[in-house]
$ cat work-v2.cif   # mmCIF, C-alpha atoms
data_coords
#
loop_
_atom_site.label_atom_id
_atom_site.label_comp_id
_atom_site.auth_asym_id
_atom_site.auth_seq_id
_atom_site.Cartn_x
_atom_site.Cartn_y
_atom_site.Cartn_z
CA MET M 166 -76.07 -25.70 7.50
CA LEU M 167 -73.35 -26.67 9.96
CA LEU M 168 -70.23 -24.57 9.52
CA ALA M 169 -66.78 -25.50 10.81
CA VAL M 170 -64.70 -22.40 11.46
CA PHE M 171 -60.91 -22.58 11.79
CA SER M 172 -58.31 -19.92 12.54
CA ASP M 173 -54.56 -19.69 13.09
CA ILE M 174 -53.52 -23.01 11.57
CA HIS M 175 -49.91 -21.82 11.39
CA GLY M 176 -48.43 -24.55 9.25
CA ASN M 177 -49.41 -27.31 11.69
CA ARG M 178 -50.46 -30.19 9.48
CA GLN M 179 -51.16 -32.61 12.30
CA ALA M 180 -53.48 -30.18 14.10
CA PHE M 181 -55.33 -29.18 10.93
CA GLU M 182 -55.84 -32.80 9.89
CA ALA M 183 -57.26 -33.61 13.33
CA CYS M 184 -59.65 -30.65 13.24
CA LEU M 185 -60.88 -31.43 9.74
CA LYS M 186 -61.44 -35.08 10.67
CA LEU M 187 -63.37 -34.22 13.85
CA ALA M 188 -65.42 -31.49 12.17
CA ARG M 189 -66.47 -33.87 9.40
CA ALA M 190 -67.32 -36.56 11.95
CA LYS M 191 -69.58 -34.04 13.70
CA GLY M 192 -71.38 -33.31 10.43
CA ALA M 193 -69.74 -30.11 9.20
CA GLU M 194 -71.04 -29.21 5.75
CA ARG M 195 -68.92 -26.16 4.95
CA PHE M 196 -65.58 -24.74 6.08
CA ILE M 197 -64.62 -21.18 7.01
CA LEU M 198 -60.91 -20.34 7.29
CA LEU M 199 -59.99 -17.20 9.21
CA GLY M 200 -56.38 -16.85 8.15
CA ASP M 201 -52.84 -17.35 9.42
CA PHE M 202 -52.36 -20.49 7.40
CA VAL M 203 -48.58 -20.13 7.74
CA GLY M 204 -46.02 -19.10 10.33
CA TYR M 205 -44.52 -21.05 13.26
CA GLY M 206 -45.25 -24.55 11.92
CA ALA M 207 -43.21 -26.74 9.59
CA ASP M 208 -45.78 -27.72 6.93
CA PRO M 209 -46.97 -24.49 5.30
CA GLU M 210 -47.09 -26.04 1.83
CA TRP M 211 -49.50 -28.78 2.88
CA VAL M 212 -51.69 -26.38 4.84
CA VAL M 213 -51.93 -23.86 1.99
CA ASP M 214 -52.61 -26.57 -0.57
CA THR M 215 -55.38 -27.97 1.64
CA ALA M 216 -56.87 -24.50 2.10
CA MET M 217 -56.81 -23.96 -1.66
CA GLU M 218 -58.64 -27.25 -2.21
CA LEU M 219 -61.26 -26.37 0.38
CA VAL M 220 -61.85 -22.97 -1.22
CA GLU M 221 -62.30 -24.66 -4.60
CA GLU M 222 -64.97 -26.81 -2.93
CA GLY M 223 -66.83 -23.77 -1.56
CA ALA M 224 -65.00 -22.77 1.62
CA ILE M 225 -64.49 -19.12 2.56
CA ALA M 226 -60.99 -17.94 3.46
CA VAL M 227 -59.64 -14.59 4.67
CA ARG M 228 -56.13 -13.26 5.19
CA GLY M 229 -54.17 -13.24 8.44
CA ASN M 230 -51.17 -11.18 9.42
CA HIS M 231 -48.73 -14.06 8.93
CA ASP M 232 -50.18 -14.64 5.46
CA GLU M 233 -49.68 -10.94 4.80
CA ALA M 234 -46.10 -11.09 6.05
CA VAL M 235 -45.15 -13.76 3.52
CA GLY M 236 -45.72 -11.30 0.69
CA THR M 237 -44.29 -8.11 2.19
CA THR M 238 -41.27 -7.02 4.17
CA THR M 239 -43.18 -4.21 5.85
CA GLU M 240 -45.08 -6.57 8.15
CA THR M 241 -42.67 -7.09 11.06
CA MET M 242 -42.97 -9.57 13.94
CA ASN M 243 -41.00 -10.79 16.92
CA ALA M 244 -37.70 -12.51 16.18
CA GLU M 245 -38.91 -16.12 16.29
CA ALA M 246 -42.01 -15.40 14.21
CA GLN M 247 -39.90 -13.47 11.70
CA ILE M 248 -37.49 -16.39 11.31
CA ALA M 249 -40.43 -18.68 10.61
CA ILE M 250 -41.88 -16.29 8.03
CA GLU M 251 -38.58 -15.95 6.18
CA TRP M 252 -38.23 -19.75 6.16
CA THR M 253 -41.82 -20.08 4.92
CA ARG M 254 -41.18 -17.70 2.00
CA GLY M 255 -38.61 -20.16 0.69
CA ARG M 256 -41.01 -23.09 0.93
CA LEU M 257 -44.07 -21.76 -0.89
CA ASP M 258 -44.37 -21.79 -4.67
CA VAL M 259 -45.81 -19.02 -6.83
CA ALA M 260 -49.38 -20.35 -6.76
CA GLN M 261 -49.37 -20.77 -3.00
CA ARG M 262 -48.02 -17.27 -2.43
CA ARG M 263 -50.55 -15.82 -4.86
CA PHE M 264 -53.37 -17.55 -2.99
CA LEU M 265 -52.30 -15.92 0.28
CA ALA M 266 -51.77 -12.50 -1.31
CA GLU M 267 -55.19 -12.46 -2.94
CA LEU M 268 -57.19 -13.44 0.15
CA PRO M 269 -59.65 -10.75 1.29
CA MET M 270 -59.26 -9.07 4.67
CA ALA M 271 -62.88 -9.86 5.56
CA MET M 272 -65.94 -11.52 4.07
CA ASP M 273 -69.64 -10.93 4.68
CA GLU M 274 -72.10 -13.79 4.32
CA LYS M 275 -75.72 -13.04 5.11
CA GLU M 276 -75.71 -11.99 8.79
CA ARG M 277 -72.19 -13.20 9.45
CA LEU M 278 -68.80 -11.51 9.14
CA TYR M 279 -65.54 -13.42 8.88
CA VAL M 280 -62.28 -11.62 9.69
CA HIS M 281 -58.90 -12.60 11.11
CA SER M 282 -58.32 -9.97 13.79
CA GLU M 283 -61.41 -7.80 14.35
CA ALA M 284 -63.92 -5.80 12.34
CA SER M 285 -63.14 -2.14 13.03
CA GLN M 286 -59.72 -2.09 11.33
CA PRO M 287 -58.94 -5.54 9.92
CA ALA M 288 -55.61 -4.51 8.40
CA ARG M 289 -54.29 -3.15 11.72
CA TRP M 290 -54.32 -6.63 13.29
CA HIS M 291 -55.64 -5.57 16.69
CA TYR M 292 -56.17 -8.24 19.35
CA VAL M 293 -59.52 -8.67 21.08
CA ARG M 294 -58.39 -8.90 24.70
CA THR M 295 -61.24 -7.17 26.56
CA THR M 296 -64.93 -6.36 26.32
CA ALA M 297 -63.92 -2.85 25.21
CA ASP M 298 -61.97 -4.35 22.28
CA ALA M 299 -64.96 -6.54 21.45
CA ALA M 300 -67.33 -3.56 21.57
CA LYS M 301 -65.15 -1.61 19.14
CA SER M 302 -65.36 -4.50 16.70
CA LEU M 303 -69.10 -5.06 17.13
CA ILE M 304 -70.17 -1.44 16.63
CA SER M 305 -68.32 -1.35 13.31
CA THR M 306 -70.53 -3.99 11.65
CA PRO M 307 -74.26 -4.74 11.43
CA ALA M 308 -73.55 -8.49 11.38
CA HIS M 309 -75.41 -10.63 13.88
CA VAL M 310 -72.30 -12.77 14.39
CA THR M 311 -68.67 -11.86 13.74
CA PHE M 312 -66.08 -14.64 13.74
CA CYS M 313 -62.42 -13.79 14.34
CA GLY M 314 -59.20 -15.32 15.61
CA HIS M 315 -55.69 -13.86 15.93
CA ILE M 316 -55.31 -14.02 19.72
CA HIS M 317 -55.20 -17.84 19.94
CA ARG M 318 -57.53 -17.92 22.96
CA PRO M 319 -61.26 -18.69 22.68
CA ALA M 320 -63.82 -16.19 23.96
CA LEU M 321 -67.41 -15.21 23.25
CA TYR M 322 -68.75 -11.64 23.56
CA SER M 323 -72.17 -10.10 22.99
CA MET M 324 -73.63 -6.60 22.86
CA SER M 325 -77.27 -5.73 23.58
CA VAL M 326 -79.34 -3.10 21.79
CA THR M 327 -78.42 -0.73 24.64
CA ALA M 328 -74.71 -1.47 24.07
CA LYS M 329 -74.35 -3.52 27.24
CA MET M 330 -71.45 -5.92 26.84
CA THR M 331 -71.02 -9.43 28.18
CA GLY M 332 -68.12 -11.81 27.77
CA LEU M 333 -67.30 -15.38 28.69
CA VAL M 334 -64.78 -18.13 28.15
CA PRO M 335 -66.78 -20.85 26.39
CA LYS M 336 -66.74 -24.44 27.59
CA THR M 337 -65.70 -27.15 25.18
CA ASP M 338 -68.56 -29.08 23.54
CA VAL M 339 -71.25 -26.94 25.22
CA SER M 340 -73.55 -25.32 22.64
CA VAL M 341 -74.50 -21.68 23.17
CA PRO M 342 -77.51 -20.12 21.36
CA LEU M 343 -76.58 -16.77 19.82
CA LEU M 344 -79.84 -15.02 20.52
CA ARG M 345 -81.44 -12.44 18.28
CA GLY M 346 -81.53 -8.93 19.66
CA ARG M 347 -77.82 -9.09 20.47
CA GLN M 348 -74.69 -8.93 18.35
CA TRP M 349 -72.06 -11.58 18.92
CA LEU M 350 -68.30 -11.78 18.53
CA ALA M 351 -66.97 -15.34 18.49
CA VAL M 352 -63.22 -15.31 19.07
CA LEU M 353 -61.76 -18.63 18.04
CA GLY M 354 -58.86 -20.42 19.62
CA SER M 355 -56.02 -21.59 17.40
CA VAL M 356 -55.84 -24.77 15.36
CA GLY M 357 -52.07 -24.85 15.18
CA GLN M 358 -50.79 -23.04 18.27
CA PRO M 359 -53.28 -22.70 21.17
CA ARG M 360 -52.33 -20.25 23.90
CA ASP M 361 -55.03 -20.83 26.51
CA GLY M 362 -53.26 -23.59 28.42
CA ASP M 363 -54.96 -26.41 26.49
CA PRO M 364 -52.61 -27.85 23.85
CA SER M 365 -55.36 -29.54 21.84
CA ALA M 366 -56.33 -27.88 18.56
CA ALA M 367 -59.32 -25.53 18.68
CA PHE M 368 -62.13 -24.75 16.25
CA VAL M 369 -65.81 -23.82 16.24
CA LEU M 370 -69.01 -25.34 14.86
CA PHE M 371 -71.91 -23.02 14.03
CA ASP M 372 -75.42 -24.08 13.05
CA THR M 373 -76.85 -21.42 10.73
CA VAL M 374 -80.45 -22.53 11.38
CA SER M 375 -80.47 -22.72 15.19
CA CYS M 376 -77.72 -20.07 15.56
CA GLN M 377 -75.96 -22.31 18.07
CA ILE M 378 -72.20 -22.18 18.43
CA THR M 379 -70.04 -24.95 19.87
CA TYR M 380 -66.37 -24.58 20.73
CA CYS M 381 -64.51 -27.81 20.02
CA ARG M 382 -61.07 -29.24 20.80
CA ALA M 383 -59.24 -31.91 18.82
CA PRO M 384 -56.30 -33.80 20.35
CA TYR M 385 -53.54 -34.35 17.81
CA ASP M 386 -50.00 -35.72 17.42
CA ILE M 387 -48.15 -32.85 19.08
CA GLU M 388 -44.82 -34.70 19.18
CA THR M 389 -44.76 -35.14 15.40
CA ALA M 390 -45.65 -31.48 14.84
CA ALA M 391 -42.92 -30.40 17.27
CA SER M 392 -40.37 -32.76 15.72
CA ARG M 393 -41.10 -31.33 12.28
CA ILE M 394 -40.33 -27.84 13.60
CA ARG M 395 -37.02 -28.95 15.14
CA GLU M 396 -36.00 -30.98 12.08
CA ASN M 397 -36.42 -27.92 9.86
CA GLY M 398 -34.19 -25.74 12.01
CA LEU M 399 -36.91 -23.41 13.23
CA PRO M 400 -36.63 -21.85 16.72
CA PRO M 401 -37.00 -24.62 19.36
CA TRP M 402 -39.49 -22.56 21.40
CA LEU M 403 -41.99 -22.86 18.56
CA ALA M 404 -41.89 -26.63 19.10
CA ASP M 405 -41.72 -26.57 22.91
CA ARG M 406 -44.76 -24.35 23.34
CA LEU M 407 -47.09 -26.75 21.49
CA SER M 408 -47.21 -29.20 24.40
CA GLN M 409 -47.79 -26.34 26.83
CA GLY M 410 -50.64 -24.68 24.97
CA ARG M 411 -49.06 -21.24 25.21
#

$ encode --input "work-v2.cif" --output "structure tokens"
Amino acid sequence: MLLAVFSDIHGNRQAFEACLKLARAKGAERFILLGDFVGYGADPEWVVDTAMELVEEGAIAVRGNHDEAVGTTTETMNAEAQIAIEWTRGRLDVAQRRFLAELPMAMDEKERLYVHSEASQPARWHYVRTTADAAKSLISTPAHVTFCGHIHRPALYSMSVTAKMTGLVPKTDVSVPLLRGRQWLAVLGSVGQPRDGDPSAAFVLFDTVSCQITYCRAPYDIETAASRIRENGLPPWLADRLSQGR
């Protein structure tokens, strides 16, 4: 089965639509959603409704820190992110907020683990920045492949049976076989707010038979997404950064 894995959509309808369209065109048969459906972007209602529909059709979804923040005042963020979360709270209805609140922190599926931040302490929202961070996540699970997001920059790490770590920045549209005998941590880029210098939306395709992973990018209508942010009175930097990919 060909899985399409998305993370950090952040209320960006235009980016999510582009990723879904490209993933389907490439033959994706099932969707995995790694959280942060809301925050930053101006269309949280549409994104959450779409996620709910996908889950009803068999998709897996887990909770991100921005999803968590919608339902609690104890989850604090930087000023601009906090403004967006407070605005988002006023936009979502009861069913949408319940959906976010009831999402699991992580999900196991066969030899795969899906989590928003990392596997060792999912609710602490740690970023995977280094091979040491990746190792901490990998040793906490027996999964052959762990998929995570949160940092908005794509990376791919592996650990051998002797705990030797490797890491790389994957190339777009170049398939990588995730070999047996190693554990893998696939860190996704962001659908809705990439921060690796490439403004196009990011997602991953994973073939469960061949165990090949492909990092994909989908160009989208950035100007419309940015205009929606400005029109709704959200901090201008949240719009400006979309075209910069940071």

$ closest_atom_pairs --input "work-v2.cif" --of "region 343-366 of chain M" --to "region 314-337 of chain M" --cutoff "8 Å" --atoms "all atoms listed in the file" --output "CSV"
residue,atom,partner,partner_atom,distance
M:Gly346,CA,M:Val326,CA,6.6
M:Arg347,CA,M:Ser325,CA,4.6
M:Gln348,CA,M:Met324,CA,5.2
M:Trp349,CA,M:Ser323,CA,4.3
M:Leu350,CA,M:Tyr322,CA,5.1
M:Ala351,CA,M:Leu321,CA,4.8
M:Val352,CA,M:Ala320,CA,5.0
M:Leu353,CA,M:Pro319,CA,4.7
M:Gly354,CA,M:Pro319,CA,4.3
M:Ser355,CA,M:His317,CA,4.6
M:Gln358,CA,M:His317,CA,7.0
M:Pro359,CA,M:His317,CA,5.4
M:Arg360,CA,M:His317,CA,5.5
M:Asp361,CA,M:Arg318,CA,5.2

$ write_last_selection --input "work-v2.cif" --atoms "C-alpha atoms" --output "compact mmCIF listing (two decimals), in the coordinates of the input"
# COMPACT_ATOMS: atom_id res chain seq x y z
CA GLY M 346 -81.53 -8.93 19.66
CA ARG M 347 -77.82 -9.09 20.47
CA GLN M 348 -74.69 -8.93 18.35
CA TRP M 349 -72.06 -11.58 18.92
CA LEU M 350 -68.30 -11.78 18.53
CA ALA M 351 -66.97 -15.34 18.49
CA VAL M 352 -63.22 -15.31 19.07
CA LEU M 353 -61.76 -18.63 18.04
CA GLY M 354 -58.86 -20.42 19.62
CA SER M 355 -56.02 -21.59 17.40
CA GLN M 358 -50.79 -23.04 18.27
CA PRO M 359 -53.28 -22.70 21.17
CA ARG M 360 -52.33 -20.25 23.90
CA ASP M 361 -55.03 -20.83 26.51

$ atom_distance --input "work-v2.cif" --atom1 "CA of Leu403 (chain M)" --atom2 "CA of Cys184 (chain M)"
20.0 Å

$ closest_residue --input "work-v2.cif" --among "M:Arg262, M:Arg406, M:His281, M:His231" --to "Ala249 (chain M)" --atoms "only C-alpha atoms"
M:His231

$ residues_around --input "work-v2.cif" --residues "Asp338 (chain M)" --least-positions-apart "6" --cutoff "6 Å" --atoms "only C-alpha atoms" --output "number ranges by chain"
M: 379-381

$ atom_distance --input "work-v2.cif" --atom1 "CA of Ile387 (chain M)" --atom2 "CA of Ser340 (chain M)"
26.7 Å

$ axis_aligned_box --input "work-v2.cif" --around "region 205-215 of chain M" --padding-each-side "8 Å" --output "lines of an AutoDock Vina configuration file"
center_x = -49.3
center_y = -24.9
center_z = 6.3
size_x = 28.2
size_y = 23.7
size_z = 29.8

$ resolve_selection --input "work-v2.cif" --expression "the PyMOL selection byres ((chain M and resi 366) around 6)" --output "NGL selection string"
:M and (180 or 356 or 365 or 367 or 382-383)

$ atom_distance --input "work-v2.cif" --atom1 "CA of Gly362 (chain M)" --atom2 "CA of Ile248 (chain M)"
24.4 Å

$ closest_residue --input "work-v2.cif" --among "M:Val280, M:Ala234, M:Met217, M:Ala226" --to "Ala260 (chain M)" --atoms "only C-alpha atoms"
M:Met217

$ resolve_selection --input "work-v2.cif" --expression "the PyMOL selection byres ((chain M and resi 208) around 9)" --output "ChimeraX atom specification"
/M:175-178,203,206-207,209-213,253,256,390,393-394

$ residues_around --input "work-v2.cif" --residues "Phe196 (chain M)" --least-positions-apart "2" --cutoff "7 Å" --atoms "all atoms listed in the file" --output "list in words"
Leu168, Ala169, Val170, Leu198, Ala224 and Ile225 of chain M

$ decode --input "work-v2.cif" --residues "region 353-364 of chain M" --atoms "all heavy atoms" --output "PDB file, in the first residue's frame"
ATOM      1  N   LEU M 353       9.251  14.653   8.750  1.00  0.00           N
ATOM      2  CA  LEU M 353       8.605  15.295   7.613  1.00  0.00           C
ATOM      3  C   LEU M 353       8.835  16.807   7.632  1.00  0.00           C
ATOM      4  O   LEU M 353       8.991  17.411   8.690  1.00  0.00           O
ATOM      5  CB  LEU M 353       7.097  15.037   7.636  1.00  0.00           C
ATOM      6  CG  LEU M 353       6.617  13.716   7.030  1.00  0.00           C
ATOM      7  CD1 LEU M 353       7.116  12.519   7.817  1.00  0.00           C
ATOM      8  CD2 LEU M 353       5.098  13.703   6.937  1.00  0.00           C
ATOM      9  N   GLY M 354       8.822  17.392   6.460  1.00  0.00           N
ATOM     10  CA  GLY M 354       8.682  18.836   6.383  1.00  0.00           C
ATOM     11  C   GLY M 354       7.236  19.211   6.641  1.00  0.00           C
ATOM     12  O   GLY M 354       6.397  18.360   6.950  1.00  0.00           O
ATOM     13  N   SER M 355       6.918  20.470   6.495  1.00  0.00           N
ATOM     14  CA  SER M 355       5.577  20.970   6.792  1.00  0.00           C
ATOM     15  C   SER M 355       4.757  21.161   5.522  1.00  0.00           C
ATOM     16  O   SER M 355       5.256  21.665   4.515  1.00  0.00           O
ATOM     17  CB  SER M 355       5.690  22.305   7.533  1.00  0.00           C
ATOM     18  OG  SER M 355       4.427  22.929   7.663  1.00  0.00           O
ATOM     19  N   VAL M 356       3.485  20.771   5.602  1.00  0.00           N
ATOM     20  CA  VAL M 356       2.549  21.093   4.529  1.00  0.00           C
ATOM     21  C   VAL M 356       2.326  22.596   4.472  1.00  0.00           C
ATOM     22  O   VAL M 356       2.471  23.234   3.434  1.00  0.00           O
ATOM     23  CB  VAL M 356       1.205  20.366   4.736  1.00  0.00           C
ATOM     24  CG1 VAL M 356       0.149  20.886   3.749  1.00  0.00           C
ATOM     25  CG2 VAL M 356       1.365  18.858   4.585  1.00  0.00           C
ATOM     26  N   GLY M 357       1.979  23.181   5.612  1.00  0.00           N
ATOM     27  CA  GLY M 357       1.451  24.543   5.618  1.00  0.00           C
ATOM     28  C   GLY M 357       2.418  25.649   5.922  1.00  0.00           C
ATOM     29  O   GLY M 357       2.107  26.827   5.671  1.00  0.00           O
ATOM     30  N   GLN M 358       3.614  25.329   6.451  1.00  0.00           N
ATOM     31  CA  GLN M 358       4.578  26.381   6.748  1.00  0.00           C
ATOM     32  C   GLN M 358       6.004  25.821   6.745  1.00  0.00           C
ATOM     33  O   GLN M 358       6.635  25.674   7.797  1.00  0.00           O
ATOM     34  CB  GLN M 358       4.280  27.039   8.100  1.00  0.00           C
ATOM     35  CG  GLN M 358       5.001  28.356   8.293  1.00  0.00           C
ATOM     36  CD  GLN M 358       4.823  28.895   9.697  1.00  0.00           C
ATOM     37  OE1 GLN M 358       5.561  28.548  10.597  1.00  0.00           O
ATOM     38  NE2 GLN M 358       3.825  29.741   9.879  1.00  0.00           N
ATOM     39  N   PRO M 359       6.547  25.485   5.565  1.00  0.00           N
ATOM     40  CA  PRO M 359       7.911  24.953   5.496  1.00  0.00           C
ATOM     41  C   PRO M 359       8.932  25.945   6.053  1.00  0.00           C
ATOM     42  O   PRO M 359       8.767  27.164   5.921  1.00  0.00           O
ATOM     43  CB  PRO M 359       8.121  24.741   3.992  1.00  0.00           C
ATOM     44  CG  PRO M 359       6.743  24.600   3.431  1.00  0.00           C
ATOM     45  CD  PRO M 359       5.890  25.521   4.250  1.00  0.00           C
ATOM     46  N   ARG M 360       9.990  25.389   6.645  1.00  0.00           N
ATOM     47  CA  ARG M 360      11.033  26.237   7.223  1.00  0.00           C
ATOM     48  C   ARG M 360      12.425  25.780   6.795  1.00  0.00           C
ATOM     49  O   ARG M 360      13.400  25.997   7.506  1.00  0.00           O
ATOM     50  CB  ARG M 360      10.927  26.232   8.755  1.00  0.00           C
ATOM     51  CG  ARG M 360       9.656  26.882   9.272  1.00  0.00           C
ATOM     52  CD  ARG M 360       9.542  26.808  10.767  1.00  0.00           C
ATOM     53  NE  ARG M 360       8.247  27.309  11.237  1.00  0.00           N
ATOM     54  CZ  ARG M 360       7.775  27.136  12.462  1.00  0.00           C
ATOM     55  NH1 ARG M 360       8.489  26.458  13.352  1.00  0.00           N
ATOM     56  NH2 ARG M 360       6.601  27.630  12.804  1.00  0.00           N
ATOM     57  N   ASP M 361      12.518  25.174   5.633  1.00  0.00           N
ATOM     58  CA  ASP M 361      13.818  24.702   5.147  1.00  0.00           C
ATOM     59  C   ASP M 361      14.301  25.497   3.944  1.00  0.00           C
ATOM     60  O   ASP M 361      15.221  25.073   3.240  1.00  0.00           O
ATOM     61  CB  ASP M 361      13.747  23.215   4.792  1.00  0.00           C
ATOM     62  CG  ASP M 361      12.763  22.929   3.652  1.00  0.00           C
ATOM     63  OD1 ASP M 361      11.867  23.766   3.412  1.00  0.00           O
ATOM     64  OD2 ASP M 361      12.880  21.869   3.010  1.00  0.00           O
ATOM     65  N   GLY M 362      13.708  26.659   3.722  1.00  0.00           N
ATOM     66  CA  GLY M 362      14.109  27.506   2.608  1.00  0.00           C
ATOM     67  C   GLY M 362      13.379  27.241   1.313  1.00  0.00           C
ATOM     68  O   GLY M 362      13.520  27.995   0.352  1.00  0.00           O
ATOM     69  N   ASP M 363      12.578  26.197   1.268  1.00  0.00           N
ATOM     70  CA  ASP M 363      11.766  25.860   0.090  1.00  0.00           C
ATOM     71  C   ASP M 363      10.311  26.123   0.457  1.00  0.00           C
ATOM     72  O   ASP M 363       9.755  25.442   1.328  1.00  0.00           O
ATOM     73  CB  ASP M 363      11.977  24.398  -0.285  1.00  0.00           C
ATOM     74  CG  ASP M 363      11.217  23.996  -1.553  1.00  0.00           C
ATOM     75  OD1 ASP M 363      10.301  24.737  -1.966  1.00  0.00           O
ATOM     76  OD2 ASP M 363      11.527  22.928  -2.113  1.00  0.00           O
ATOM     77  N   PRO M 364       9.674  27.111  -0.169  1.00  0.00           N
ATOM     78  CA  PRO M 364       8.302  27.456   0.228  1.00  0.00           C
ATOM     79  C   PRO M 364       7.230  26.468  -0.203  1.00  0.00           C
ATOM     80  O   PRO M 364       6.093  26.545   0.269  1.00  0.00           O
ATOM     81  CB  PRO M 364       8.073  28.820  -0.435  1.00  0.00           C
ATOM     82  CG  PRO M 364       8.989  28.808  -1.612  1.00  0.00           C
ATOM     83  CD  PRO M 364      10.208  28.021  -1.191  1.00  0.00           C
TER      84      PRO M 364
END
